[in-house]
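K.L.:
Can you read through this structure? Questions will come right after.
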Amino acid sequence: MSRRVVNLTLDTLEDLPRNCRGCVYWELDPVSAERACANGDPGLEKEAWVSQTLLEWGSCGKIVYVDGMPAGFVMYAPPANVPRSHAFPTSPVSPDAVLFMAANVVAPFAGGGLGRMLVQAMARDLVKRGIKAIEAFGDAKFGELDAESGQVGCVTPADFFTAVGFKTVRPHPRFPRLRMELRTALSWKSDVEYALEKLLGSMSPEGLLRPVRPATRSLSS
């Protein structure tokens with residue numbers, strides 16, 4: 001079984017699960033996101049966001065492939081590039097941190113170490129770029145309808161973040177803000193890796209895969 005991690009680009013963007021490919025929860029502010037979903041094309045909005053972020057900041061995500069099949073991804077960016085980050089009751093993100101936006105391992109591949117590969121690839125990328133910490137908004141009631149967004153599952157479970165070493169820096173009954181020093185992610189132990197796989201797998205939609213294009217280039221680092 002071959003596994004490889006590549007950068008999220010405009011080419012590999014098409015390999016995200018279908019529901020994630022058209023989701024602009026993080027990429028737009030709440031009003032704009034609602035308008036795009038109701039009247040526009042959220043897929044085009046997401047493509048525009050990825051394009052702009054790549055130009056202004058660089059790599060903003062990783063995708064993992066198993067035997068040529070896209071099996072999971074993570075996305076991250078500076079909070080200034082993520083309009084939704086300003087709408088949380090526990091914002092703003094600390095000025096020295098990047099925002100962990102989203103993570104997903106597709107259910108058939110959960111439990112195989114892919115979540116660890118993705119998050120460690122993200123950590124290595126950010127450490128090389130001089131970034132020392134990553135923060136995230138967790139959902140303490142994951143699975144329940146979010147009254148503001150009307151969606152379930154757009155925010156990663158808070159339990160996931162605490163299980164893999166994040167510490168709460170601003171508590172909240174629904175959306176606490178958590179933080180992890182990036183070098184912690186590069187030295188995880190097996191019990192933390194297991195928690196990561198279990199939680200990411202529980203978030204994953206099934207049946208959303210499509211074959212990868214042969215020309216996709218693997219990450220060298």
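A note on labels: chains of the structure tokens are A, B, ... as shown, every chain counts residues from 1, and ligands are counted from 1 in their shown order.
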Just the helix (DSSP H, G or I) stuff from stretch 84-181 of chain A, please, per backbone DSSP, written as a list in words.

P.N.:
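Checking each residue of stretch 84-181 of chain A, the helix (DSSP H, G or I) ones are Arg84, Ser85, His86, Ala87, Ala107, Pro108, Phe109, Leu114, Gly115, Arg116, Met117, Leu118, Val119, Gln120, Ala121, Met122, Ala123, Arg124, Asp125, Leu126, Val127, Lys128, Ala158, Asp159, Phe160, Phe161, Thr162 and Ala163 of chain A.
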
K.L.:
Give me a file of those residues, with N, CA and C atoms, as a JSON list (two decimals), in the first residue's frame.

P.N.:
[["chain", "number", "residue", "atom", "x", "y", "z"],
["A", 84, "ARG", "N", -13.99, 33.61, 8.58],
["A", 84, "ARG", "CA", -14.83, 33.01, 9.62],
["A", 84, "ARG", "C", -14.17, 33.08, 10.99],
["A", 85, "SER", "N", -12.84, 33.13, 11.03],
["A", 85, "SER", "CA", -12.14, 33.10, 12.33],
["A", 85, "SER", "C", -12.51, 34.30, 13.19],
["A", 86, "HIS", "N", -12.95, 35.39, 12.57],
["A", 86, "HIS", "CA", -13.30, 36.59, 13.34],
["A", 86, "HIS", "C", -14.71, 36.53, 13.91],
["A", 87, "ALA", "N", -15.48, 35.51, 13.52],
["A", 87, "ALA", "CA", -16.88, 35.44, 13.94],
["A", 87, "ALA", "C", -17.09, 34.61, 15.20],
["A", 107, "ALA", "N", -13.66, 7.71, 5.95],
["A", 107, "ALA", "CA", -13.90, 6.58, 6.84],
["A", 107, "ALA", "C", -13.22, 5.27, 6.43],
["A", 108, "PRO", "N", -13.25, 4.87, 5.15],
["A", 108, "PRO", "CA", -12.61, 3.59, 4.82],
["A", 108, "PRO", "C", -11.11, 3.54, 5.11],
["A", 109, "PHE", "N", -10.48, 4.70, 5.27],
["A", 109, "PHE", "CA", -9.04, 4.75, 5.51],
["A", 109, "PHE", "C", -8.69, 5.12, 6.95],
["A", 114, "LEU", "N", -3.09, 7.86, 8.80],
["A", 114, "LEU", "CA", -3.12, 8.96, 7.84],
["A", 114, "LEU", "C", -3.28, 10.31, 8.52],
["A", 115, "GLY", "N", -4.08, 10.35, 9.59],
["A", 115, "GLY", "CA", -4.24, 11.61, 10.31],
["A", 115, "GLY", "C", -2.92, 12.11, 10.86],
["A", 116, "ARG", "N", -2.14, 11.18, 11.42],
["A", 116, "ARG", "CA", -0.81, 11.55, 11.93],
["A", 116, "ARG", "C", 0.07, 12.08, 10.81],
["A", 117, "MET", "N", 0.05, 11.40, 9.66],
["A", 117, "MET", "CA", 0.85, 11.85, 8.53],
["A", 117, "MET", "C", 0.48, 13.26, 8.12],
["A", 118, "LEU", "N", -0.81, 13.54, 8.05],
["A", 118, "LEU", "CA", -1.27, 14.85, 7.61],
["A", 118, "LEU", "C", -0.87, 15.96, 8.58],
["A", 119, "VAL", "N", -1.13, 15.74, 9.86],
["A", 119, "VAL", "CA", -0.87, 16.80, 10.83],
["A", 119, "VAL", "C", 0.64, 16.99, 11.02],
["A", 120, "GLN", "N", 1.40, 15.92, 10.97],
["A", 120, "GLN", "CA", 2.85, 16.08, 11.07],
["A", 120, "GLN", "C", 3.42, 16.75, 9.82],
["A", 121, "ALA", "N", 2.85, 16.46, 8.65],
["A", 121, "ALA", "CA", 3.29, 17.16, 7.43],
["A", 121, "ALA", "C", 2.99, 18.65, 7.54],
["A", 122, "MET", "N", 1.82, 18.98, 8.08],
["A", 122, "MET", "CA", 1.47, 20.37, 8.30],
["A", 122, "MET", "C", 2.44, 21.02, 9.28],
["A", 123, "ALA", "N", 2.74, 20.32, 10.37],
["A", 123, "ALA", "CA", 3.65, 20.87, 11.38],
["A", 123, "ALA", "C", 5.04, 21.10, 10.81],
["A", 124, "ARG", "N", 5.55, 20.14, 10.03],
["A", 124, "ARG", "CA", 6.87, 20.30, 9.42],
["A", 124, "ARG", "C", 6.91, 21.50, 8.49],
["A", 125, "ASP", "N", 5.85, 21.64, 7.70],
["A", 125, "ASP", "CA", 5.76, 22.77, 6.78],
["A", 125, "ASP", "C", 5.81, 24.10, 7.53],
["A", 126, "LEU", "N", 5.02, 24.21, 8.60],
["A", 126, "LEU", "CA", 4.93, 25.47, 9.32],
["A", 126, "LEU", "C", 6.19, 25.76, 10.13],
["A", 127, "VAL", "N", 6.81, 24.73, 10.69],
["A", 127, "VAL", "CA", 8.06, 24.94, 11.43],
["A", 127, "VAL", "C", 9.14, 25.46, 10.49],
["A", 128, "LYS", "N", 9.21, 24.91, 9.29],
["A", 128, "LYS", "CA", 10.18, 25.39, 8.30],
["A", 128, "LYS", "C", 9.96, 26.85, 7.94],
["A", 158, "ALA", "N", -13.75, 19.56, 19.79],
["A", 158, "ALA", "CA", -12.77, 20.03, 20.77],
["A", 158, "ALA", "C", -12.01, 18.86, 21.38],
["A", 159, "ASP", "N", -12.68, 17.71, 21.52],
["A", 159, "ASP", "CA", -12.02, 16.53, 22.08],
["A", 159, "ASP", "C", -10.84, 16.08, 21.24],
["A", 160, "PHE", "N", -10.94, 16.24, 19.94],
["A", 160, "PHE", "CA", -9.82, 15.90, 19.06],
["A", 160, "PHE", "C", -8.60, 16.72, 19.41],
["A", 161, "PHE", "N", -8.78, 18.02, 19.54],
["A", 161, "PHE", "CA", -7.64, 18.89, 19.80],
["A", 161, "PHE", "C", -7.01, 18.60, 21.16],
["A", 162, "THR", "N", -7.82, 18.40, 22.20],
["A", 162, "THR", "CA", -7.24, 18.11, 23.51],
["A", 162, "THR", "C", -6.55, 16.75, 23.51],
["A", 163, "ALA", "N", -7.07, 15.79, 22.74],
["A", 163, "ALA", "CA", -6.48, 14.46, 22.69],
["A", 163, "ALA", "C", -5.09, 14.45, 22.06]]

K.L.:
Give me the residues within 7 Å of stretch 41-53 of chain A as a VMD selection string, counting only C-alpha atoms and dropping any in the same chain fewer than 6 places off.

P.N.:
chain A and resid 10 21 to 24 27 81

K.L.:
Restrict the selected residues to C-alpha atoms and save them as a compact mmCIF listing (two decimals), in the first residue's frame.

P.N.:
# COMPACT_ATOMS: atom_id res chain seq x y z
CA LEU A 10 -5.65 24.42 -7.46
CA ARG A 21 -14.95 20.89 -2.06
CA GLY A 22 -18.08 23.04 -2.07
CA CYS A 23 -17.93 24.17 1.56
CA VAL A 24 -16.90 27.79 2.24
CA GLU A 27 -13.21 30.82 3.61
CA ASN A 81 -6.92 34.93 5.49

K.L.:
If we count only C-alpha atoms, what is near A:Ile131 at a cut-off of 8 Å, once residues fewer than 5 positions away on the same chain are taken out, given as a PyMOL selection string?

P.N.:
chain A and resi 96-98+126+182

K.L.:
Between atom CA of A:Lys141 and atom CA of A:Cys154, what is the distance in Å, rounded to a tenth?

P.N.:
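Interatomic distance, atom CA of A:Lys141 to atom CA of A:Cys154: 11.7 Å.
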
K.L.:
So which residues touch A:Lys62 within 10 Å, counting only C-alpha atoms, skipping near sequence neighbours fewer than 4 positions away, as a PyMOL selection string?

P.N.:
chain A and resi 5-9+12-13+72-76+103+117-119+121-122+125+219

K.L.:
Could you tell me how far atom CA of A:Arg4 sits from atom CA of A:Asp67, in Å to one decimal place?

P.N.:
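Separating atom CA of A:Asp67 from atom CA of A:Arg4 is a distance of 8.6 Å.
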
K.L.:
Let's see if you can do this: from backbone DSSP, list all strand (DSSP E or B) residues in stretch 58-137 of chain A, as a PyMOL selection string.

P.N.:
chain A and resi 61-66+69-77+97-105+133-137

K.L.:
Fewer than 5 positions away in the same chain doesn't count, so skip those; otherwise give me all residues within 9 Å of A:Val93, counting only C-alpha atoms, as a list in words.

P.N.:
Pro78, Pro79, Ser85, His86, Val98, Leu99, Glu135, Ala136, Phe137 and Arg177 of chain A

K.L.:
Distance atom CA of A:Tyr25-atom CA of A:Pro176, one decimal place?

P.N.:
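Result for atom CA of A:Tyr25 versus atom CA of A:Pro176: 17.5 Å, one decimal.
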
K.L.:
Find the residues near A:Glu181: any atom within 6 Å, counting only C-alpha atoms, skip ones fewer than 3 places away on the same chain, and give them as JSON, numbers by chain.

P.N.:
{"A": [132, 133, 184]}

K.L.:
Out of A:Val106, A:Arg3, A:Arg179, A:Pro30, which residue has the shortest atom-to-atom distance to A:Phe88 when counting only C-alpha atoms?

P.N.:
A:Pro30
